[in-house]
$ cat my_file02.tsv   # TSV, N, CA and C atoms
chain	number	residue	atom	x	y	z
A	9	GLN	N	-23.33	90.44	27.10
A	9	GLN	CA	-24.25	89.31	27.24
A	9	GLN	C	-23.45	88.02	27.20
A	10	VAL	N	-23.82	87.09	28.05
A	10	VAL	CA	-23.15	85.80	28.08
A	10	VAL	C	-23.99	84.80	27.30
A	11	GLN	N	-23.33	83.91	26.60
A	11	GLN	CA	-24.01	82.83	25.88
A	11	GLN	C	-23.81	81.52	26.62
A	12	LEU	N	-24.87	80.71	26.70
A	12	LEU	CA	-24.84	79.50	27.51
A	12	LEU	C	-25.23	78.29	26.66
A	13	VAL	N	-24.47	77.20	26.80
A	13	VAL	CA	-24.76	75.97	26.07
A	13	VAL	C	-24.70	74.80	27.04
A	14	GLU	N	-25.82	74.11	27.20
A	14	GLU	CA	-25.90	72.96	28.10
A	14	GLU	C	-25.55	71.67	27.37
A	15	SER	N	-25.10	70.69	28.13
A	15	SER	CA	-24.85	69.35	27.62
A	15	SER	C	-24.90	68.36	28.77
A	16	GLY	N	-24.89	67.08	28.44
A	16	GLY	CA	-24.82	66.06	29.47
A	16	GLY	C	-26.12	65.33	29.75
A	17	GLY	N	-27.21	65.77	29.14
A	17	GLY	CA	-28.46	65.07	29.34
A	17	GLY	C	-28.47	63.71	28.69
A	18	GLY	N	-29.50	62.93	28.99
A	18	GLY	CA	-29.62	61.60	28.40
A	18	GLY	C	-30.67	60.78	29.09
A	19	LEU	N	-30.66	59.48	28.77
A	19	LEU	CA	-31.60	58.53	29.35
A	19	LEU	C	-30.87	57.74	30.44
A	20	VAL	N	-31.47	57.67	31.61
A	20	VAL	CA	-30.85	56.97	32.73
A	20	VAL	C	-31.94	56.26	33.53
A	21	GLN	N	-31.59	55.15	34.15
A	21	GLN	CA	-32.55	54.45	34.99
A	21	GLN	C	-32.68	55.12	36.34
A	22	ALA	N	-33.80	54.93	36.97
A	22	ALA	CA	-34.01	55.47	38.31
A	22	ALA	C	-32.89	55.00	39.24
A	23	GLY	N	-32.40	55.93	40.04
A	23	GLY	CA	-31.27	55.65	40.92
A	23	GLY	C	-29.93	56.00	40.31
A	24	GLY	N	-29.92	56.27	39.03
A	24	GLY	CA	-28.69	56.60	38.33
A	24	GLY	C	-28.27	58.05	38.49
A	25	SER	N	-27.20	58.42	37.79
A	25	SER	CA	-26.63	59.76	37.91
A	25	SER	C	-26.28	60.32	36.53
A	26	LEU	N	-26.31	61.63	36.44
A	26	LEU	CA	-25.84	62.35	35.27
A	26	LEU	C	-25.16	63.62	35.75
A	27	ARG	N	-24.15	64.07	34.98
A	27	ARG	CA	-23.57	65.38	35.26
A	27	ARG	C	-23.87	66.30	34.08
A	28	LEU	N	-24.63	67.33	34.37
A	28	LEU	CA	-24.97	68.31	33.36
A	28	LEU	C	-23.92	69.42	33.37
A	29	SER	N	-23.60	69.93	32.20
A	29	SER	CA	-22.63	71.01	32.07
A	29	SER	C	-23.26	72.19	31.35
A	30	CYS	N	-22.80	73.37	31.70
A	30	CYS	CA	-23.25	74.60	31.05
A	30	CYS	C	-22.01	75.42	30.75
A	31	ALA	N	-21.66	75.51	29.47
A	31	ALA	CA	-20.48	76.26	29.05
A	31	ALA	C	-20.88	77.69	28.70
A	32	ALA	N	-20.17	78.63	29.29
A	32	ALA	CA	-20.48	80.05	29.08
A	32	ALA	C	-19.42	80.70	28.22
A	33	SER	N	-19.86	81.61	27.38
A	33	SER	CA	-18.93	82.40	26.57
A	33	SER	C	-19.48	83.81	26.47
A	34	GLY	N	-18.65	84.73	26.01
A	34	GLY	CA	-19.09	86.11	25.90
A	34	GLY	C	-18.52	86.93	27.04
A	35	ARG	N	-19.38	87.59	27.78
A	35	ARG	CA	-18.93	88.39	28.90
A	35	ARG	C	-18.24	87.54	29.96
A	36	THR	N	-17.47	88.16	30.81
A	36	THR	CA	-16.68	87.46	31.81
A	36	THR	C	-17.57	86.56	32.66
A	37	PHE	N	-17.28	85.30	32.62
A	37	PHE	CA	-18.07	84.28	33.33
A	37	PHE	C	-18.18	84.58	34.81
A	38	SER	N	-17.12	85.10	35.39
A	38	SER	CA	-17.12	85.30	36.84
A	38	SER	C	-17.96	86.48	37.28
A	39	ASP	N	-18.51	87.25	36.35
A	39	ASP	CA	-19.39	88.35	36.73
A	39	ASP	C	-20.78	87.87	37.09
A	40	TYR	N	-21.09	86.63	36.79
A	40	TYR	CA	-22.46	86.14	36.86
A	40	TYR	C	-22.66	85.12	37.97
A	41	ALA	N	-23.78	85.24	38.68
A	41	ALA	CA	-24.31	84.11	39.42
A	41	ALA	C	-25.03	83.22	38.40
A	42	MET	N	-25.01	81.91	38.63
A	42	MET	CA	-25.54	80.97	37.65
A	42	MET	C	-26.55	80.03	38.31
A	43	GLY	N	-27.42	79.49	37.49
A	43	GLY	CA	-28.40	78.56	38.06
A	43	GLY	C	-28.92	77.57	37.05
A	44	TRP	N	-29.67	76.59	37.56
A	44	TRP	CA	-30.32	75.58	36.74
A	44	TRP	C	-31.82	75.60	37.01
A	45	PHE	N	-32.55	75.42	35.94
A	45	PHE	CA	-34.00	75.28	35.99
A	45	PHE	C	-34.38	74.03	35.22
A	46	ARG	N	-35.61	73.59	35.36
A	46	ARG	CA	-36.09	72.47	34.56
A	46	ARG	C	-37.56	72.65	34.22
A	47	GLN	N	-37.95	72.02	33.13
A	47	GLN	CA	-39.35	72.06	32.72
A	47	GLN	C	-39.75	70.69	32.22
A	48	ALA	N	-40.67	70.08	32.94
A	48	ALA	CA	-41.20	68.78	32.54
A	48	ALA	C	-42.33	68.97	31.53
A	49	PRO	N	-42.64	67.96	30.73
A	49	PRO	CA	-43.71	68.08	29.74
A	49	PRO	C	-45.03	68.49	30.40
A	50	GLY	N	-45.63	69.55	29.87
A	50	GLY	CA	-46.91	70.01	30.37
A	50	GLY	C	-46.86	70.75	31.69
A	51	GLU	N	-45.64	71.02	32.17
A	51	GLU	CA	-45.48	71.68	33.46
A	51	GLU	C	-44.83	73.05	33.28
A	52	GLU	N	-44.94	73.85	34.34
A	52	GLU	CA	-44.25	75.14	34.35
A	52	GLU	C	-42.76	74.92	34.61
A	53	ARG	N	-41.96	75.84	34.13
A	53	ARG	CA	-40.53	75.81	34.44
A	53	ARG	C	-40.34	76.01	35.94
A	54	GLU	N	-39.42	75.26	36.53
A	54	GLU	CA	-39.18	75.41	37.97
A	54	GLU	C	-37.69	75.56	38.26
A	55	PHE	N	-37.41	76.27	39.31
A	55	PHE	CA	-36.04	76.48	39.78
A	55	PHE	C	-35.49	75.19	40.37
A	56	VAL	N	-34.22	74.93	40.10
A	56	VAL	CA	-33.54	73.74	40.65
A	56	VAL	C	-32.43	74.12	41.62
A	57	SER	N	-31.50	74.96	41.15
A	57	SER	CA	-30.34	75.27	41.98
A	57	SER	C	-29.65	76.52	41.45
A	58	ALA	N	-28.87	77.19	42.31
A	58	ALA	CA	-28.12	78.38	41.90
A	58	ALA	C	-26.82	78.47	42.70
A	59	ILE	N	-25.87	79.22	42.13
A	59	ILE	CA	-24.56	79.36	42.75
A	59	ILE	C	-24.04	80.77	42.51
A	60	SER	N	-23.40	81.35	43.52
A	60	SER	CA	-22.82	82.68	43.39
A	60	SER	C	-21.59	82.65	42.50
A	61	PHE	N	-21.09	83.82	42.13
A	61	PHE	CA	-19.94	83.86	41.23
A	61	PHE	C	-18.73	83.21	41.88
A	62	SER	N	-18.58	83.35	43.17
A	62	SER	CA	-17.42	82.79	43.86
A	62	SER	C	-17.54	81.28	44.05
A	63	GLY	N	-18.78	80.79	43.96
A	63	GLY	CA	-19.01	79.38	44.25
A	63	GLY	C	-19.22	79.10	45.72
A	64	THR	N	-19.11	80.13	46.53
A	64	THR	CA	-19.23	79.93	47.98
A	64	THR	C	-20.67	79.67	48.40
A	65	ASN	N	-21.58	80.37	47.78
A	65	ASN	CA	-22.99	80.27	48.16
A	65	ASN	C	-23.79	79.48	47.13
A	66	THR	N	-24.56	78.53	47.62
A	66	THR	CA	-25.42	77.73	46.75
A	66	THR	C	-26.82	77.65	47.35
A	67	TYR	N	-27.77	77.29	46.50
A	67	TYR	CA	-29.16	77.20	46.95
A	67	TYR	C	-29.85	76.13	46.12
A	68	TYR	N	-30.71	75.34	46.77
A	68	TYR	CA	-31.36	74.23	46.09
A	68	TYR	C	-32.86	74.22	46.37
A	69	ALA	N	-33.61	73.76	45.38
A	69	ALA	CA	-35.03	73.48	45.61
A	69	ALA	C	-35.13	72.28	46.55
A	70	ASP	N	-36.17	72.26	47.35
A	70	ASP	CA	-36.34	71.16	48.31
A	70	ASP	C	-36.40	69.81	47.60
A	71	SER	N	-36.94	69.78	46.41
A	71	SER	CA	-37.13	68.53	45.69
A	71	SER	C	-35.83	67.86	45.28
A	72	VAL	N	-34.73	68.62	45.24
A	72	VAL	CA	-33.45	68.05	44.80
A	72	VAL	C	-32.39	68.11	45.88
A	73	LYS	N	-32.69	68.74	46.99
A	73	LYS	CA	-31.70	68.90	48.05
A	73	LYS	C	-31.22	67.54	48.53
A	74	GLY	N	-29.90	67.40	48.63
A	74	GLY	CA	-29.31	66.13	49.06
A	74	GLY	C	-29.04	65.17	47.92
A	75	ARG	N	-29.58	65.45	46.74
A	75	ARG	CA	-29.36	64.57	45.57
A	75	ARG	C	-28.57	65.28	44.47
A	76	PHE	N	-28.77	66.58	44.32
A	76	PHE	CA	-28.11	67.35	43.28
A	76	PHE	C	-27.05	68.26	43.90
A	77	THR	N	-25.97	68.50	43.15
A	77	THR	CA	-24.92	69.41	43.60
A	77	THR	C	-24.52	70.33	42.46
A	78	ILE	N	-24.54	71.63	42.71
A	78	ILE	CA	-24.13	72.60	41.72
A	78	ILE	C	-22.70	73.04	42.03
A	79	SER	N	-21.92	73.28	40.97
A	79	SER	CA	-20.55	73.75	41.14
A	79	SER	C	-20.16	74.53	39.90
A	80	ARG	N	-19.02	75.22	39.97
A	80	ARG	CA	-18.56	75.96	38.81
A	80	ARG	C	-17.05	75.92	38.73
A	81	ASP	N	-16.54	75.96	37.52
A	81	ASP	CA	-15.10	75.97	37.25
A	81	ASP	C	-14.81	77.22	36.43
A	82	HIS	N	-14.20	78.21	37.07
A	82	HIS	CA	-13.95	79.47	36.37
A	82	HIS	C	-12.93	79.30	35.26
A	83	ALA	N	-11.97	78.45	35.44
A	83	ALA	CA	-10.95	78.24	34.41
A	83	ALA	C	-11.57	77.70	33.13
A	84	LYS	N	-12.61	76.89	33.27
A	84	LYS	CA	-13.28	76.32	32.11
A	84	LYS	C	-14.53	77.09	31.71
A	85	GLY	N	-14.91	78.07	32.50
A	85	GLY	CA	-16.12	78.83	32.19
A	85	GLY	C	-17.35	77.96	32.16
A	86	THR	N	-17.44	77.04	33.10
A	86	THR	CA	-18.50	76.04	33.07
A	86	THR	C	-19.14	75.88	34.44
A	87	VAL	N	-20.45	75.69	34.43
A	87	VAL	CA	-21.21	75.36	35.62
A	87	VAL	C	-21.71	73.93	35.47
A	88	TYR	N	-21.67	73.20	36.56
A	88	TYR	CA	-22.08	71.80	36.53
A	88	TYR	C	-23.28	71.58	37.46
A	89	LEU	N	-24.07	70.58	37.12
A	89	LEU	CA	-25.11	70.09	38.01
A	89	LEU	C	-24.97	68.58	38.07
A	90	GLN	N	-24.44	68.10	39.19
A	90	GLN	CA	-24.31	66.66	39.42
A	90	GLN	C	-25.64	66.16	39.97
A	91	THR	N	-26.26	65.26	39.25
A	91	THR	CA	-27.57	64.74	39.65
A	91	THR	C	-27.42	63.28	40.03
A	92	ASN	N	-27.72	62.96	41.28
A	92	ASN	CA	-27.61	61.59	41.80
A	92	ASN	C	-28.97	61.08	42.25
A	93	ASN	N	-29.07	59.75	42.36
A	93	ASN	CA	-30.31	59.13	42.81
A	93	ASN	C	-31.51	59.69	42.05
A	94	LEU	N	-31.40	59.70	40.74
A	94	LEU	CA	-32.44	60.29	39.91
A	94	LEU	C	-33.74	59.51	40.01
A	95	LYS	N	-34.84	60.25	39.92
A	95	LYS	CA	-36.18	59.68	40.01
A	95	LYS	C	-36.93	59.99	38.72
A	96	PRO	N	-37.95	59.20	38.39
A	96	PRO	CA	-38.72	59.50	37.17
A	96	PRO	C	-39.27	60.92	37.14
A	97	GLU	N	-39.61	61.46	38.31
A	97	GLU	CA	-40.14	62.82	38.36
A	97	GLU	C	-39.08	63.88	38.10
A	98	ASP	N	-37.82	63.49	37.97
A	98	ASP	CA	-36.76	64.43	37.57
A	98	ASP	C	-36.70	64.59	36.05
A	99	THR	N	-37.47	63.81	35.32
A	99	THR	CA	-37.49	63.91	33.87
A	99	THR	C	-37.94	65.30	33.44
A	100	ALA	N	-37.11	65.96	32.64
A	100	ALA	CA	-37.39	67.33	32.22
A	100	ALA	C	-36.30	67.81	31.27
A	101	VAL	N	-36.56	68.93	30.64
A	101	VAL	CA	-35.49	69.67	29.96
A	101	VAL	C	-34.86	70.58	31.01
A	102	TYR	N	-33.55	70.49	31.12
A	102	TYR	CA	-32.82	71.28	32.11
A	102	TYR	C	-32.15	72.45	31.41
A	103	TYR	N	-32.37	73.64	31.98
A	103	TYR	CA	-31.85	74.87	31.42
A	103	TYR	C	-30.86	75.53	32.38
A	104	CYS	N	-29.82	76.09	31.81
A	104	CYS	CA	-28.86	76.89	32.54
A	104	CYS	C	-29.24	78.36	32.36
A	105	ALA	N	-29.02	79.16	33.39
A	105	ALA	CA	-29.35	80.58	33.30
A	105	ALA	C	-28.34	81.41	34.09
A	106	ALA	N	-28.23	82.69	33.71
A	106	ALA	CA	-27.25	83.58	34.34
A	106	ALA	C	-27.92	84.86	34.82
A	107	ASP	N	-27.49	85.32	35.98
A	107	ASP	CA	-27.89	86.60	36.55
A	107	ASP	C	-26.68	87.50	36.54
A	108	SER	N	-26.79	88.66	35.93
A	108	SER	CA	-25.63	89.54	35.75
A	108	SER	C	-25.25	90.31	37.00
A	109	VAL	N	-25.40	89.65	38.14
A	109	VAL	CA	-24.96	90.18	39.42
A	109	VAL	C	-24.16	89.06	40.08
A	110	SER	N	-23.00	89.38	40.62
A	110	SER	CA	-22.11	88.33	41.10
A	110	SER	C	-22.61	87.62	42.36
A	111	ARG	N	-23.30	88.37	43.24
A	111	ARG	CA	-23.78	87.71	44.45
A	111	ARG	C	-25.03	86.90	44.11
A	112	LEU	N	-25.37	85.97	44.97
A	112	LEU	CA	-26.51	85.09	44.72
A	112	LEU	C	-27.79	85.76	45.20
A	113	ARG	N	-28.64	86.15	44.28
A	113	ARG	CA	-29.93	86.76	44.59
A	113	ARG	C	-31.01	85.69	44.46
A	114	ILE	N	-31.36	85.11	45.57
A	114	ILE	CA	-32.30	83.99	45.57
A	114	ILE	C	-33.64	84.40	44.94
A	115	GLY	N	-34.11	85.59	45.29
A	115	GLY	CA	-35.40	86.05	44.78
A	115	GLY	C	-35.43	86.13	43.26
A	116	VAL	N	-34.31	86.55	42.68
A	116	VAL	CA	-34.24	86.64	41.22
A	116	VAL	C	-34.34	85.25	40.60
A	117	PHE	N	-33.63	84.30	41.18
A	117	PHE	CA	-33.68	82.94	40.63
A	117	PHE	C	-35.05	82.31	40.86
A	118	LEU	N	-35.63	82.51	42.01
A	118	LEU	CA	-36.95	81.92	42.27
A	118	LEU	C	-38.00	82.53	41.36
A	119	GLY	N	-37.81	83.80	40.99
A	119	GLY	CA	-38.74	84.45	40.09
A	119	GLY	C	-38.49	84.16	38.63
A	120	GLY	N	-37.34	83.56	38.33
A	120	GLY	CA	-37.03	83.22	36.94
A	120	GLY	C	-36.68	84.40	36.07
A	121	ASP	N	-36.34	85.54	36.63
A	121	ASP	CA	-36.05	86.75	35.86
A	121	ASP	C	-34.55	86.85	35.63
A	122	LEU	N	-34.03	86.00	34.74
A	122	LEU	CA	-32.60	85.94	34.49
A	122	LEU	C	-32.22	86.63	33.20
A	123	ASP	N	-30.94	86.95	33.07
A	123	ASP	CA	-30.46	87.74	31.94
A	123	ASP	C	-30.10	86.91	30.72
A	124	ALA	N	-29.81	85.65	30.91
A	124	ALA	CA	-29.43	84.80	29.78
A	124	ALA	C	-29.85	83.37	30.06
A	125	TRP	N	-30.22	82.66	29.00
A	125	TRP	CA	-30.67	81.27	29.11
A	125	TRP	C	-29.99	80.43	28.04
A	126	GLY	N	-29.76	79.17	28.38
A	126	GLY	CA	-29.30	78.23	27.38
A	126	GLY	C	-30.47	77.59	26.67
A	127	GLN	N	-30.17	76.67	25.76
A	127	GLN	CA	-31.21	76.05	24.94
A	127	GLN	C	-31.80	74.80	25.59
A	128	GLY	N	-31.14	74.29	26.62
A	128	GLY	CA	-31.67	73.15	27.37
A	128	GLY	C	-31.06	71.83	26.96
A	129	THR	N	-31.08	70.89	27.91
A	129	THR	CA	-30.65	69.52	27.65
A	129	THR	C	-31.66	68.59	28.32
A	130	LEU	N	-32.06	67.54	27.60
A	130	LEU	CA	-33.13	66.66	28.06
A	130	LEU	C	-32.59	65.56	28.96
A	131	VAL	N	-33.21	65.42	30.12
A	131	VAL	CA	-32.92	64.32	31.03
A	131	VAL	C	-34.17	63.46	31.14
A	132	THR	N	-34.03	62.17	30.84
A	132	THR	CA	-35.14	61.24	30.93
A	132	THR	C	-34.76	60.13	31.90
A	133	VAL	N	-35.58	59.95	32.94
A	133	VAL	CA	-35.31	58.93	33.95
A	133	VAL	C	-36.39	57.86	33.84
A	134	SER	N	-35.97	56.64	33.56
A	134	SER	CA	-36.92	55.55	33.43
A	134	SER	C	-37.07	54.82	34.76
A	135	SER	N	-38.27	54.29	34.98
A	135	SER	CA	-38.54	53.59	36.24
A	135	SER	C	-38.22	52.11	36.16
$ encode --input "my_file02.tsv" --output "structure tokens"
Amino acid sequence: QVQLVESGGGLVQAGGSLRLSCAASGRTFSDYAMGWFRQAPGEEREFVSAISFSGTNTYYADSVKGRFTISRDHAKGTVYLQTNNLKPEDTAVYYCAADSVSRLRIGVFLGGDLDAWGQGTLVTVSS
């Protein structure tokens, strides 16, 4: 089992940027496809982005496409989510998650059926 710890959240004005990090420990980081989800107050958790173990394949929700970029650094065992041009509707707790299959299974991420989750980091975007 892999353990995940997110960081990098905070308060930012609309139009600003944040880089979220997810540090993995435990099982070999490169065995997992990784992704980000978010949950706004009073809302259901929603998929944001995912990346294959190699980093070659990525996938984004339409709501963040062109503004957010997912990447991973195997040497550091970390997945990043660069968030640009943030909007108030991006306000949420952002969670990192892992799928114990190296290739990117979009259906698994869209269904939210992941093998490990972090505790979340709060992003607040003011207007």
$ atom_distance --input "my_file02.tsv" --atom1 "atom C of Asn65 of chain A" --atom2 "atom C of Pro49 of chain A"
29.2 Å
$ closest_residue --input "my_file02.tsv" --among "A:Phe45, A:Gln11, A:Gly119, A:Thr64" --to "Val101 of chain A" --atoms "all atoms listed in the file"
A:Phe45
$ residues_near_point --input "my_file02.tsv" --point "(-21.3, 80.4, 29.5)" --cutoff "6 Å" --atoms "all atoms listed in the file" --output "MDAnalysis selection string"
chainID A and resid 10:13 30:33 85
$ closest_residue --input "my_file02.tsv" --among "A:Gln9, A:Ser15, A:Asn92, A:Ser110" --to "Ala41 of chain A" --atoms "all atoms listed in the file"
A:Ser110
$ atom_distance --input "my_file02.tsv" --atom1 "atom N of Glu97 of chain A" --atom2 "atom CA of Leu118 of chain A"
21.0 Å
$ select_by_dssp --input "my_file02.tsv" --residues "segment 9-111 of chain A" --states "strand (DSSP E)" --output "PyMOL selection string"
chain A and resi 10-15+18-21+26-34+41-47+54-59+66-68+76-81+86-91+100-107
$ residues_around --input "my_file02.tsv" --residues "Leu112 of chain A" --least-positions-apart "3" --cutoff "9 Å" --atoms "only C-alpha atoms" --output "list in words"
Tyr40, Ala41, Met42, Ala58, Ile59, Ser60, Phe61, Asn65, Thr66, Tyr67, Asp107, Val109, Gly115, Val116 and Phe117 of chain A
